[in-house]
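Notes to accompany the following structure.
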Amino acid sequence: MITEAEGGAGSPGTSLTGQEDAQTNANMTVYLRDRNGYLAPISYQWDAADAKSLAQASLELLVKQGLHSAKLPAGFEAVLPQGTGVTNVTLKPDQKLAIVELSKEFASYEPAEERQMLEAITWTLTSLPDVENVQLWMDSHKLNEMPKNGTPLDIPLNRQFGINVEKSESVNYLRSMPVTLYFSSYSEEGKSYFVPVTRLVEPSDNPIEATLKQIIAGPLNPKTLERVASEETTVSAVAQEGDTLTVDLADTMFEAGEPVPAELLKAVVLSLTEREGIAKVRIKMNGNADIQGTDKKNYSEPVARPVINPAWKG
């Protein structure tokens, strides 16, 4: 595992299986650009004195050729302009707000990179406890819009901004509903990691079931992302009690007692816990409540959101 003290380049863990120490101790997740151009979360165990120091370090990891560039996994790159300084970070837990002050070098980016930069900052900071919204300042002035393409910043950014946004040609952008989905991808070394995408879909009265159906439908670009469910998978039932969701899937390829691929189970948990009010997910398969993943984890009990893509030494 990479820690702040150890340094060195690393790569994502294979399928997030095993390595429980890393998943338990990771305290920071940053969103870096992978070799396919997607932002992907990489989780670190970082030695930080307090929440502000953790937020500062997470932003510094996003700067190209920055202070911690040696700690980026092989095949991943930072997205903020080289030379960008993180002047200050102010956390306001009562407002669940992070105020970020950046140096003037932040404006030295190509217009086509603007949205991805905002996604990386927003999703990195909202991975921290008690942060749901992000406000940006540059060179001692509050930004009401981005310098190049003018993306509005008059209200704080949050995860509703989306990440790796995509839509099919048949969906009307103005009458769409966003769902965030997780699919697998692979590094050049063949190691598996998860990538989130915000997909715009037809509006639905049941957004949870719509999310599951989109996971089953698979990625829009199968050349860069891997499907996690088979084409035969269907949704039998969904029930919510408090902050726990029970999902019953059906797929004839899985026999009772047979381990279910961890990639599918984790993708379901990650995707559904992106939705407000869902903290844990219990999964059934073909009505069977005794479900174990290939990661040897019991998904019959409510499962909280796992640490995503823990970083490792190369």
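Residue numbers start at 1 in each chain; chains themselves are named A, B, ... in the order of the structure tokens; ligands are numbered from 1 in the order shown.
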Tell me which protein, DNA and RNA residues are within 12 Å of Ala78 in chain A, counting only C-alpha atoms, leaving out same-chain ones fewer than 4 positions away, and put them as a PyMOL selection string. chain A and resi 30-35+37-42+58-74+82-84+113+116-117+120-121+124
Give me the residues near range 185-190 of chain A as a list in words, where near means some atom within 10 Å (using only C-alpha atoms) and where sequence neighbours in that chain fewer than 2 positions away do not count. Ser11, Pro12, Thr14, Ser15, Asp34, Arg35, Asn36, Tyr38, Ala40, Pro73, Ala74, Gly75, Phe76, Tyr182, Phe183, Ser192, Tyr193, Phe194, Val195, Pro222, Lys223, Thr224, Leu225, Glu226 and Arg227 of chain A
Spatial neighbours of range 155-170 of chain A, max dist 6 Å, only C-alpha atoms, sep filter under 4 positions, as a ChimeraX atom specification: /A:119,132-135,197-200
If you count only C-alpha atoms, the residue of A:Glu77, A:Asp243, A:Asp154, A:Glu231 closest to Ala279 in chain A turns out to be A:Asp243
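Reported to one decimal place, the separation of CA of Ala210 in chain A from CA of Leu270 in chain A is 14.8 Å.
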